[in-house]
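Have a look at target09.cif below; it lists mmCIF, C-alpha atoms.
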data_protein
#
loop_
_atom_site.label_atom_id
_atom_site.label_comp_id
_atom_site.auth_asym_id
_atom_site.auth_seq_id
_atom_site.Cartn_x
_atom_site.Cartn_y
_atom_site.Cartn_z
CA MET A 1 170.13 25.90 34.30
CA LYS A 2 172.93 24.57 36.48
CA LEU A 3 173.61 28.11 37.78
CA LEU A 4 169.94 28.65 38.61
CA ALA A 5 169.68 25.29 40.32
CA GLY A 6 172.80 26.08 42.33
CA LEU A 7 171.42 29.43 43.48
CA LEU A 8 168.15 27.83 44.49
CA ALA A 9 169.98 25.17 46.46
CA LEU A 10 172.13 27.84 48.15
CA SER A 11 169.07 29.92 49.11
CA THR A 12 167.43 26.82 50.54
CA LEU A 13 170.51 26.26 52.69
CA ILE A 14 170.93 29.92 53.81
CA SER A 15 167.28 30.69 54.66
CA PRO A 16 167.01 28.43 57.71
CA LEU A 17 170.45 29.60 58.90
CA LEU A 18 169.37 33.27 58.75
CA GLY A 19 166.17 32.36 60.52
CA GLN A 20 168.16 30.67 63.26
CA VAL A 21 170.37 33.77 63.67
CA GLU A 22 167.22 35.90 64.05
CA LEU A 23 165.78 33.53 66.63
CA GLU A 24 169.02 33.59 68.59
CA GLN A 25 169.38 37.40 68.56
CA LYS A 26 170.07 38.47 72.12
CA THR A 27 167.35 40.20 74.12
CA TYR A 28 167.65 42.49 77.13
CA VAL A 29 165.36 43.23 80.04
CA LEU A 30 165.05 47.01 80.43
CA ALA A 31 162.55 47.07 83.30
CA LYS A 32 161.19 44.60 85.82
CA LYS A 33 158.36 45.01 88.31
CA GLY A 34 159.55 44.66 91.87
CA HIS A 35 163.22 45.02 90.93
CA PRO A 36 165.18 45.18 94.23
CA LEU A 37 166.61 48.45 95.49
CA PRO A 38 170.41 48.92 95.32
CA LEU A 39 170.78 48.49 99.09
CA LYS A 40 173.72 50.21 100.82
CA GLU A 41 174.43 52.14 97.62
CA ARG A 42 174.37 55.93 97.15
CA PHE A 43 173.51 57.69 93.90
CA LYS A 44 173.82 61.36 92.99
CA VAL A 45 171.27 62.68 90.50
CA SER A 46 171.77 66.01 88.74
CA GLN A 47 168.92 67.61 86.80
CA LEU A 48 168.96 70.64 84.50
CA MET A 49 166.12 72.06 82.43
CA SER A 50 166.96 75.20 80.48
CA MET A 51 165.31 77.50 77.97
CA GLY A 52 167.45 80.04 76.12
CA ASN A 53 166.34 83.33 74.56
CA GLY A 54 162.69 82.41 74.17
CA LYS A 55 160.72 84.87 72.06
CA LEU A 56 158.08 86.48 74.23
CA LYS A 57 155.00 88.42 73.10
CA VAL A 58 152.43 89.99 75.44
CA SER A 59 149.21 91.75 74.42
CA PHE A 60 147.38 93.84 77.02
CA SER A 61 144.83 96.68 76.76
CA GLY A 62 145.43 97.05 73.02
CA GLN A 63 149.21 97.19 73.37
CA GLU A 64 151.68 94.57 72.17
CA MET A 65 155.05 94.11 73.84
CA THR A 66 157.88 91.83 72.75
CA GLY A 67 160.97 90.55 74.50
CA THR A 68 163.05 87.52 75.40
CA VAL A 69 163.16 85.17 78.36
CA SER A 70 165.71 82.57 79.51
CA THR A 71 165.22 80.15 82.38
CA SER A 72 166.98 77.27 84.06
CA LYS A 73 165.99 74.84 86.80
CA GLN A 74 168.76 72.96 88.57
CA ALA A 75 168.52 70.22 91.16
CA GLU A 76 171.06 67.90 92.79
CA LEU A 77 169.88 65.05 94.99
CA VAL A 78 171.73 62.19 96.70
CA TYR A 79 169.77 58.97 97.23
CA ASP A 80 170.98 56.81 100.11
CA PHE A 81 169.35 53.34 100.01
CA LEU A 82 169.53 52.46 103.70
CA SER A 83 167.31 49.37 103.75
CA GLU A 84 164.44 47.71 101.93
CA ASP A 85 161.99 50.10 103.57
CA LYS A 86 164.03 53.25 104.12
CA ILE A 87 165.63 55.74 101.69
CA ARG A 88 167.21 59.05 102.60
CA VAL A 89 167.26 61.77 99.91
CA ASN A 90 169.60 64.69 100.55
CA TYR A 91 168.33 67.69 98.56
CA GLU A 92 171.72 69.29 98.00
CA LYS A 93 170.71 71.93 95.47
CA GLY A 94 167.53 73.45 94.06
CA ARG A 95 167.80 76.67 92.06
CA ASP A 96 165.53 78.45 89.59
CA LEU A 97 167.08 81.19 87.45
CA LYS A 98 165.18 83.56 85.17
CA LYS A 99 166.38 86.38 82.94
CA SER A 100 163.98 88.47 80.90
CA SER A 101 164.08 91.54 78.71
CA MET A 102 160.93 93.44 77.76
CA MET A 103 160.82 96.81 75.98
CA GLY A 104 164.37 97.63 77.09
CA GLN A 105 163.76 96.60 80.72
CA GLU A 106 165.89 93.71 81.97
CA GLN A 107 165.21 91.59 85.02
CA ASP A 108 167.17 88.80 86.71
CA GLU A 109 165.67 86.50 89.32
CA GLU A 110 167.10 83.63 91.36
CA LYS A 111 164.99 81.45 93.59
CA ILE A 112 166.27 78.89 96.07
CA HIS A 113 164.03 75.86 96.47
CA PRO A 114 162.80 75.46 100.08
CA ALA A 115 164.01 71.83 100.02
CA GLU A 116 167.63 72.84 99.38
CA GLY A 117 169.83 71.73 102.24
CA THR A 118 167.26 69.36 103.72
CA ALA A 119 167.08 65.57 104.00
CA ILE A 120 163.84 63.82 103.08
CA LEU A 121 163.27 60.38 104.58
CA LEU A 122 161.17 57.91 102.59
CA GLU A 123 159.78 54.97 104.54
CA LYS A 124 157.71 52.08 103.25
CA LYS A 125 154.53 51.70 105.27
CA GLU A 126 151.88 49.11 104.40
CA GLY A 127 153.40 48.68 100.96
CA LYS A 128 153.52 52.39 100.14
CA TRP A 129 156.42 54.86 100.26
CA VAL A 130 155.75 57.91 102.45
CA GLY A 131 158.13 60.86 102.72
CA LYS A 132 158.78 63.47 105.39
CA LEU A 133 161.38 66.02 106.45
CA GLU A 134 163.93 64.02 108.44
CA ALA A 135 164.90 66.81 110.82
CA GLY A 136 164.31 70.51 111.39
CA LYS A 137 161.52 72.52 109.80
CA VAL A 138 160.67 74.36 106.61
CA ASP A 139 159.69 78.02 106.51
CA ALA A 140 155.90 78.36 106.24
CA VAL A 141 156.26 80.41 103.03
CA GLY A 142 157.95 77.47 101.26
CA GLN A 143 155.93 74.65 102.84
CA GLU A 144 153.67 74.04 99.83
CA GLU A 145 156.58 73.83 97.40
CA PHE A 146 158.49 71.56 99.78
CA ASP A 147 155.46 69.27 100.06
CA GLU A 148 155.34 69.07 96.25
CA ALA A 149 158.99 67.93 96.22
CA VAL A 150 158.15 65.19 98.74
CA GLU A 151 155.13 64.10 96.67
CA LYS A 152 157.33 63.88 93.58
CA LEU A 153 159.74 61.54 95.40
CA GLU A 154 156.84 59.42 96.68
CA LYS A 155 155.51 59.09 93.14
CA GLU A 156 158.96 58.09 91.89
CA PHE A 157 158.96 55.00 94.10
CA ASN A 158 155.23 54.23 94.34
CA ILE A 159 154.44 54.30 90.62
CA ASP A 160 156.31 51.91 88.34
CA GLU A 161 156.58 54.16 85.28
CA ALA A 162 159.66 52.27 83.98
CA SER A 163 157.71 49.08 83.24
CA THR A 164 155.18 51.13 81.29
CA MET A 165 157.84 53.07 79.40
CA TYR A 166 160.25 50.24 78.56
CA GLY A 167 157.99 47.21 78.96
CA SER A 168 158.83 44.29 81.23
CA GLU A 169 159.25 41.92 78.28
CA PRO A 170 162.77 41.42 76.81
CA ARG A 171 163.70 43.85 74.01
CA LYS A 172 165.93 43.45 70.96
CA ILE A 173 168.35 46.02 69.60
CA GLY A 174 166.62 47.88 66.77
CA GLU A 175 163.15 47.41 68.27
CA SER A 176 160.76 50.42 68.48
CA TRP A 177 157.55 50.88 70.46
CA ASP A 178 155.07 53.60 71.41
CA VAL A 179 154.91 55.04 74.92
CA ASP A 180 152.34 57.08 76.83
CA PRO A 181 153.52 60.71 76.21
CA SER A 182 152.69 61.64 79.82
CA LEU A 183 155.79 59.63 80.82
CA MET A 184 158.08 62.09 79.01
CA PRO A 185 160.77 63.27 81.49
CA GLY A 186 160.70 66.94 82.49
CA MET A 187 156.94 67.40 82.35
CA ASP A 188 156.52 68.49 85.98
CA ASP A 189 155.09 71.89 85.03
CA PHE A 190 152.75 70.46 82.37
CA GLU A 191 149.60 68.39 82.21
CA VAL A 192 149.94 66.19 79.13
CA LYS A 193 146.77 66.11 77.03
CA GLY A 194 147.89 64.09 74.02
CA GLY A 195 150.57 63.48 71.41
CA ASN A 196 152.93 60.58 70.80
CA LEU A 197 156.25 59.30 72.10
CA THR A 198 158.25 56.60 70.34
CA MET A 199 161.17 54.69 71.87
CA THR A 200 163.90 52.92 69.85
CA PHE A 201 166.52 50.54 71.31
CA LEU A 202 169.75 51.59 69.56
CA GLU A 203 172.59 49.61 71.12
CA VAL A 204 174.26 48.22 74.23
CA LYS A 205 177.52 49.72 75.51
CA GLN A 206 179.68 50.22 78.59
CA PHE A 207 178.90 53.37 80.58
CA GLN A 208 180.18 54.23 84.06
CA GLY A 209 181.66 50.74 84.30
CA GLU A 210 178.36 48.95 83.59
CA LEU A 211 176.61 47.44 80.60
CA CYS A 212 173.88 49.86 79.55
CA ALA A 213 171.16 50.12 76.94
CA VAL A 214 171.12 53.19 74.70
CA LEU A 215 167.70 54.35 73.51
CA LYS A 216 166.33 57.20 71.43
CA THR A 217 163.01 58.95 71.90
CA THR A 218 161.08 61.12 69.46
CA PHE A 219 158.01 63.00 70.63
CA VAL A 220 155.21 65.42 69.84
CA ILE A 221 153.34 66.44 73.00
CA ASP A 222 150.21 68.52 73.52
CA ALA A 223 149.97 69.86 77.06
CA GLU A 224 148.75 72.62 79.35
CA MET A 225 150.83 74.60 81.82
CA THR A 226 150.18 73.94 85.51
CA GLU A 227 152.37 76.68 87.01
CA ASP A 228 150.21 79.13 88.97
CA LYS A 229 150.20 82.28 86.80
CA MET A 230 150.43 80.29 83.54
CA GLU A 231 147.92 77.60 84.47
CA GLY A 232 145.84 76.44 81.51
CA MET A 233 148.06 77.88 78.78
CA ALA A 234 148.41 75.54 75.79
CA ALA A 235 151.84 74.08 75.00
CA LYS A 236 153.14 72.18 71.96
CA ILE A 237 156.45 70.38 72.49
CA THR A 238 158.38 68.54 69.77
CA GLY A 239 161.84 67.00 69.83
CA ASP A 240 163.95 63.97 70.59
CA GLY A 241 166.06 62.55 73.38
CA ARG A 242 168.70 59.97 74.19
CA ILE A 243 168.70 57.65 77.21
CA VAL A 244 171.49 55.53 78.71
CA ARG A 245 169.97 52.92 81.03
CA SER A 246 171.78 50.56 83.38
CA LEU A 247 171.03 46.91 82.69
CA THR A 248 172.21 46.05 86.21
CA HIS A 249 170.21 48.49 88.33
CA LEU A 250 167.48 49.05 85.69
CA THR A 251 167.65 52.80 86.15
CA ASP A 252 168.42 55.67 83.79
CA TYR A 253 171.98 56.94 84.15
CA LYS A 254 171.59 59.68 81.55
CA PHE A 255 168.86 61.47 79.64
CA VAL A 256 169.40 64.37 77.25
CA GLY A 257 166.42 65.83 75.45
CA GLU A 258 166.31 68.73 72.99
CA MET A 259 162.99 70.23 72.01
CA ARG A 260 161.07 73.13 70.54
CA MET A 261 158.27 74.57 72.66
CA ALA A 262 155.40 76.89 71.76
CA ILE A 263 153.16 78.24 74.55
CA SER A 264 150.15 80.51 74.12
CA GLY A 265 147.13 81.63 76.11
CA ASP A 266 145.98 83.94 78.89
CA MET A 267 148.30 84.79 81.77
CA GLU A 268 147.39 86.58 84.98
CA ILE A 269 149.72 89.59 85.19
CA GLN A 270 148.02 91.01 88.29
CA PRO A 271 144.97 90.02 90.35
CA GLY A 272 141.90 90.20 88.11
CA ALA A 273 143.87 91.22 84.98
CA ASN A 274 144.90 88.81 82.22
CA ALA A 275 147.08 89.33 79.17
CA LYS A 276 147.52 87.29 75.99
CA MET A 277 150.97 85.77 75.96
CA SER A 278 153.01 83.53 73.67
CA ILE A 279 156.49 82.04 74.05
CA ASN A 280 158.49 80.20 71.37
CA ALA A 281 161.75 78.71 72.55
CA ASP A 282 164.28 75.92 72.35
CA MET A 283 164.63 73.82 75.51
CA LYS A 284 167.06 71.26 76.81
CA ILE A 285 166.57 68.70 79.58
CA GLU A 286 169.51 66.80 81.01
CA THR A 287 169.48 64.28 83.85
CA ARG A 288 172.51 62.33 85.06
CA ALA A 289 172.84 59.70 87.77
CA ALA A 290 176.06 58.16 89.10
CA LYS A 291 177.21 56.21 92.13
CA ALA A 292 178.30 58.49 94.96
CA GLU A 293 180.98 57.93 97.56
CA PRO A 294 179.82 56.36 100.85
CA LYS A 295 178.87 58.93 103.46
CA ALA A 296 181.79 59.67 105.76
CA LYS A 297 181.22 58.53 109.34
CA ALA A 298 181.29 61.21 112.00
CA GLU A 299 184.37 61.05 114.19
#
Structure encoded using C-alpha cells:
Amino acid sequence: MKLLAGLLALSTLISPLLGQVELEQKTYVLAKKGHPLPLKERFKVSQLMSMGNGKLKVSFSGQEMTGTVSTSKQAELVYDFLSEDKIRVNYEKGRDLKKSSMMGQEQDEEKIHPAEGTAILLEKKEGKWVGKLEAGKVDAVGQEEFDEAVEKLEKEFNIDEASTMYGSEPRKIGESWDVDPSLMPGMDDFEVKGGNLTMTFLEVKQFQGELCAVLKTTFVIDAEMTEDKMEGMAAKITGDGRIVRSLTHLTDYKFVGEMRMAISGDMEIQPGANAKMSINADMKIETRAAKAEPKAKAE
C-alpha cells in the first residue's frame, strides 16, 4: 500500500511538470506574409530535374515499340535584390538534355533555353511584380519560352506559396500537416489534378552558417502533362523529399526529392497522327540556394 501510494504521489508531481515542458516546447516560424526581401544580398539558385532510363512503350498502327529515355533539365539563376521594388535575375544557365533509344536507334538532344545569358528585371508596380528583359532582345523563335520563364519569376514573387505550404503560424518539431499537392516543387510541366502531400518538421540545425528547419515531404500526386506534344497525358507521381529552410530569410536553401513516375496516354508523333505511349521512370529533383559573392564593380 505504501508503494502504491508513493507511486501515485510521484505521478501527481510529475504530470504537471511534463505538461509544463510540453507547453514550453519551442516553436519556429517557417513562413510569414510580407517577409522583407534580403536587400543588397545576392543568391545563386541551382535546379536539376533528371529522369534516368525510363521504360518507354509506344503503340502505333498495330505495332508496339519499346525503348528507354533519359532526360535532365538544368538551370542556374542569380537573384540580385537591388531594392524593395527591384530585383535583377541573371539567367546564367538553362539546358535540357535528352537521350533515347528505340528499336536499336539512339538519339541525343541538347537544347539551350532562350533565357540563358540574359538578365530579367523584376519591378514592383502598383503592388505587383512585373518582369522584362533588361537589355537586348530574344530571338523570335524562343520568345514564347522566354516569356514563360518571366511569368514563372513573376509568380514566384506575386504568389505567397510559402505561407500556404508551411503555414504562417509557429510550428513545433515533430509536427505534421497536409499541403495542397499543387505546391509540390518541380511540377512546371504538369497540371496537378489531385493527390496528397504531407509535411513533417524533423529538426533544426545549422546549414550554410544559419539556423535552418529540416522538413520531410511524402506525396502521391495525380496530374496531367502540359508539354505541347504530351499535353493531356495522365501522370501518377509518388515519392518523398527533404527540405532545408532558412529561419532567417524564410526561404528554402535545399530541396531533394526522389519519386516514381508513371505516364500514359495519347501523344502526337506527327501532325494529325497520335500514338499510345507510356513511360515508367525514377526521377530526382534537386534545388539549392546559397549566398553569392557581390557583383564586381566595373573598372
Please list, as a short mmCIF file (atom, residue, chain, number, x, y, z; two decimals) with C-alpha atoms, in the frame of the given file, the residues that have an atom at most 12 Å away from (168.1, 68.7, 83.0) in the coordinates of this file, counting only C-alpha atoms.
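Wrote selection.cif, looks like this:
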data_model
loop_
_atom_site.label_atom_id
_atom_site.label_comp_id
_atom_site.auth_asym_id
_atom_site.auth_seq_id
_atom_site.Cartn_x
_atom_site.Cartn_y
_atom_site.Cartn_z
CA VAL A 45 171.27 62.68 90.50
CA SER A 46 171.77 66.01 88.74
CA GLN A 47 168.92 67.61 86.80
CA LEU A 48 168.96 70.64 84.50
CA MET A 49 166.12 72.06 82.43
CA SER A 50 166.96 75.20 80.48
CA MET A 51 165.31 77.50 77.97
CA THR A 71 165.22 80.15 82.38
CA SER A 72 166.98 77.27 84.06
CA LYS A 73 165.99 74.84 86.80
CA GLN A 74 168.76 72.96 88.57
CA ALA A 75 168.52 70.22 91.16
CA GLU A 76 171.06 67.90 92.79
CA PRO A 185 160.77 63.27 81.49
CA GLY A 186 160.70 66.94 82.49
CA MET A 187 156.94 67.40 82.35
CA ASP A 188 156.52 68.49 85.98
CA GLY A 241 166.06 62.55 73.38
CA LYS A 254 171.59 59.68 81.55
CA PHE A 255 168.86 61.47 79.64
CA VAL A 256 169.40 64.37 77.25
CA GLY A 257 166.42 65.83 75.45
CA GLU A 258 166.31 68.73 72.99
CA MET A 283 164.63 73.82 75.51
CA LYS A 284 167.06 71.26 76.81
CA ILE A 285 166.57 68.70 79.58
CA GLU A 286 169.51 66.80 81.01
CA THR A 287 169.48 64.28 83.85
CA ARG A 288 172.51 62.33 85.06
CA ALA A 289 172.84 59.70 87.77
#
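Shortest separation to Ile243 of chain A among A:Thr200, A:Ala273, A:Gly142, A:Glu268 occurs at residue A:Thr200, atoms counted being only C-alpha atoms.
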Do you have, as a Markdown table, the list of residues of segment 178-206 of chain A lying at most 9 Å from segment 220-235 of chain A, each with its nearest atom pair and that distance in Å to one decimal, counting all atoms listed in the file and ordered by chain then number?
| residue | atom | partner | partner_atom | distance |
| --- | --- | --- | --- | --- |
| A:Pro181 | CA | A:Ile221 | CA | 6.6 |
| A:Ser182 | CA | A:Ile221 | CA | 8.4 |
| A:Met184 | CA | A:Ile221 | CA | 8.8 |
| A:Asp188 | CA | A:Thr226 | CA | 8.4 |
| A:Asp189 | CA | A:Thr226 | CA | 5.3 |
| A:Phe190 | CA | A:Met225 | CA | 4.6 |
| A:Glu191 | CA | A:Glu224 | CA | 5.2 |
| A:Val192 | CA | A:Ala223 | CA | 4.2 |
| A:Lys193 | CA | A:Ala223 | CA | 4.9 |
| A:Gly194 | CA | A:Asp222 | CA | 5.0 |
| A:Gly195 | CA | A:Ile221 | CA | 4.4 |
| A:Asn196 | CA | A:Val220 | CA | 5.4 |
| A:Leu197 | CA | A:Val220 | CA | 6.6 |
>> For Met102 of chain A, find every residue with an atom within 9 Å (counting only C-alpha atoms), except residues of its own chain fewer than 5 positions away, and show them as a ChimeraX atom specification.
In response: /A:56,65-69,107
> Mind telling me what the PyMOL selection byres ((chain A and resi 145-147) around 12) catches here, as an NGL selection string?
Replying inline: :A and (91 or 94 or 111-120 or 130-133 or 137-144 or 148-154 or 227-228)
Could you save the residues just selected, with C-alpha atoms, as a PDB file, in the coordinates of the input?
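Below you can see out.pdb, which holds the result:
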ATOM      1  CA  TYR A  91     168.330  67.690  98.560  1.00  0.00           C
ATOM      2  CA  GLY A  94     167.530  73.450  94.060  1.00  0.00           C
ATOM      3  CA  LYS A 111     164.990  81.450  93.590  1.00  0.00           C
ATOM      4  CA  ILE A 112     166.270  78.890  96.070  1.00  0.00           C
ATOM      5  CA  HIS A 113     164.030  75.860  96.470  1.00  0.00           C
ATOM      6  CA  PRO A 114     162.800  75.460 100.080  1.00  0.00           C
ATOM      7  CA  ALA A 115     164.010  71.830 100.020  1.00  0.00           C
ATOM      8  CA  GLU A 116     167.630  72.840  99.380  1.00  0.00           C
ATOM      9  CA  GLY A 117     169.830  71.730 102.240  1.00  0.00           C
ATOM     10  CA  THR A 118     167.260  69.360 103.720  1.00  0.00           C
ATOM     11  CA  ALA A 119     167.080  65.570 104.000  1.00  0.00           C
ATOM     12  CA  ILE A 120     163.840  63.820 103.080  1.00  0.00           C
ATOM     13  CA  VAL A 130     155.750  57.910 102.450  1.00  0.00           C
ATOM     14  CA  GLY A 131     158.130  60.860 102.720  1.00  0.00           C
ATOM     15  CA  LYS A 132     158.780  63.470 105.390  1.00  0.00           C
ATOM     16  CA  LEU A 133     161.380  66.020 106.450  1.00  0.00           C
ATOM     17  CA  LYS A 137     161.520  72.520 109.800  1.00  0.00           C
ATOM     18  CA  VAL A 138     160.670  74.360 106.610  1.00  0.00           C
ATOM     19  CA  ASP A 139     159.690  78.020 106.510  1.00  0.00           C
ATOM     20  CA  ALA A 140     155.900  78.360 106.240  1.00  0.00           C
ATOM     21  CA  VAL A 141     156.260  80.410 103.030  1.00  0.00           C
ATOM     22  CA  GLY A 142     157.950  77.470 101.260  1.00  0.00           C
ATOM     23  CA  GLN A 143     155.930  74.650 102.840  1.00  0.00           C
ATOM     24  CA  GLU A 144     153.670  74.040  99.830  1.00  0.00           C
ATOM     25  CA  GLU A 148     155.340  69.070  96.250  1.00  0.00           C
ATOM     26  CA  ALA A 149     158.990  67.930  96.220  1.00  0.00           C
ATOM     27  CA  VAL A 150     158.150  65.190  98.740  1.00  0.00           C
ATOM     28  CA  GLU A 151     155.130  64.100  96.670  1.00  0.00           C
ATOM     29  CA  LYS A 152     157.330  63.880  93.580  1.00  0.00           C
ATOM     30  CA  LEU A 153     159.740  61.540  95.400  1.00  0.00           C
ATOM     31  CA  GLU A 154     156.840  59.420  96.680  1.00  0.00           C
ATOM     32  CA  GLU A 227     152.370  76.680  87.010  1.00  0.00           C
ATOM     33  CA  ASP A 228     150.210  79.130  88.970  1.00  0.00           C
TER      34      ASP A 228
END
>> If I take atom CA of Ala31 of chain A and atom CA of Arg245 of chain A, how far is one from the other in Å, to one decimal?
In response: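 Going from atom CA of Ala31 of chain A over to atom CA of Arg245 of chain A, I get 9.7 Å.
Atom pair atom CA of Gly167 of chain A / atom CA of Lys33 of chain A has a distance of 9.6 Å (rounded to one decimal).
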> Nearest to Glu210 of chain A among A:Arg260, A:Lys291, A:Lys236, A:Pro271, with distances taken over only C-alpha atoms: which residue is it?
Replying inline: A:Lys291
> Restricting the calculation to only C-alpha atoms, which member of A:Lys295, A:His249, A:Lys99, A:Lys172 is positioned closest to Thr27 of chain A?
Replying inline: A:Lys172
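Coordinates place atom CA of Phe157 of chain A at a distance of 14.4 Å from atom CA of Leu39 of chain A.
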>> Just checking: using all atoms listed in the file, which residue out of A:Glu134, A:Asp252, A:Glu126, A:Asp108 ends up closest to Arg88 of chain A?
In response: A:Glu134
>> Residues within 12 Å of Phe201 of chain A, please, as a PyMOL selection string. Count all atoms listed in the file; anything in the same chain fewer than 6 positions from it doesn't count.
In response: chain A and resi 27-30+166-167+170-178+212-217+242-245
>> Which residues are near Val89 of chain A? Cut-off 7 Å, all atoms listed in the file, ignore same chain within fewer than 5 positions. Put them as a list in words.
In response: Leu77, Val78, Tyr79, Asp80, Ala119, Ile120 and Leu121 of chain A
Keeping C-alpha atoms, export the residues of the selection given above as a PDB file, in the coordinates of the input.
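Saved as selection_23.pdb:
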ATOM      1  CA  LEU A  77     169.880  65.050  94.990  1.00  0.00           C
ATOM      2  CA  VAL A  78     171.730  62.190  96.700  1.00  0.00           C
ATOM      3  CA  TYR A  79     169.770  58.970  97.230  1.00  0.00           C
ATOM      4  CA  ASP A  80     170.980  56.810 100.110  1.00  0.00           C
ATOM      5  CA  ALA A 119     167.080  65.570 104.000  1.00  0.00           C
ATOM      6  CA  ILE A 120     163.840  63.820 103.080  1.00  0.00           C
ATOM      7  CA  LEU A 121     163.270  60.380 104.580  1.00  0.00           C
TER       8      LEU A 121
END
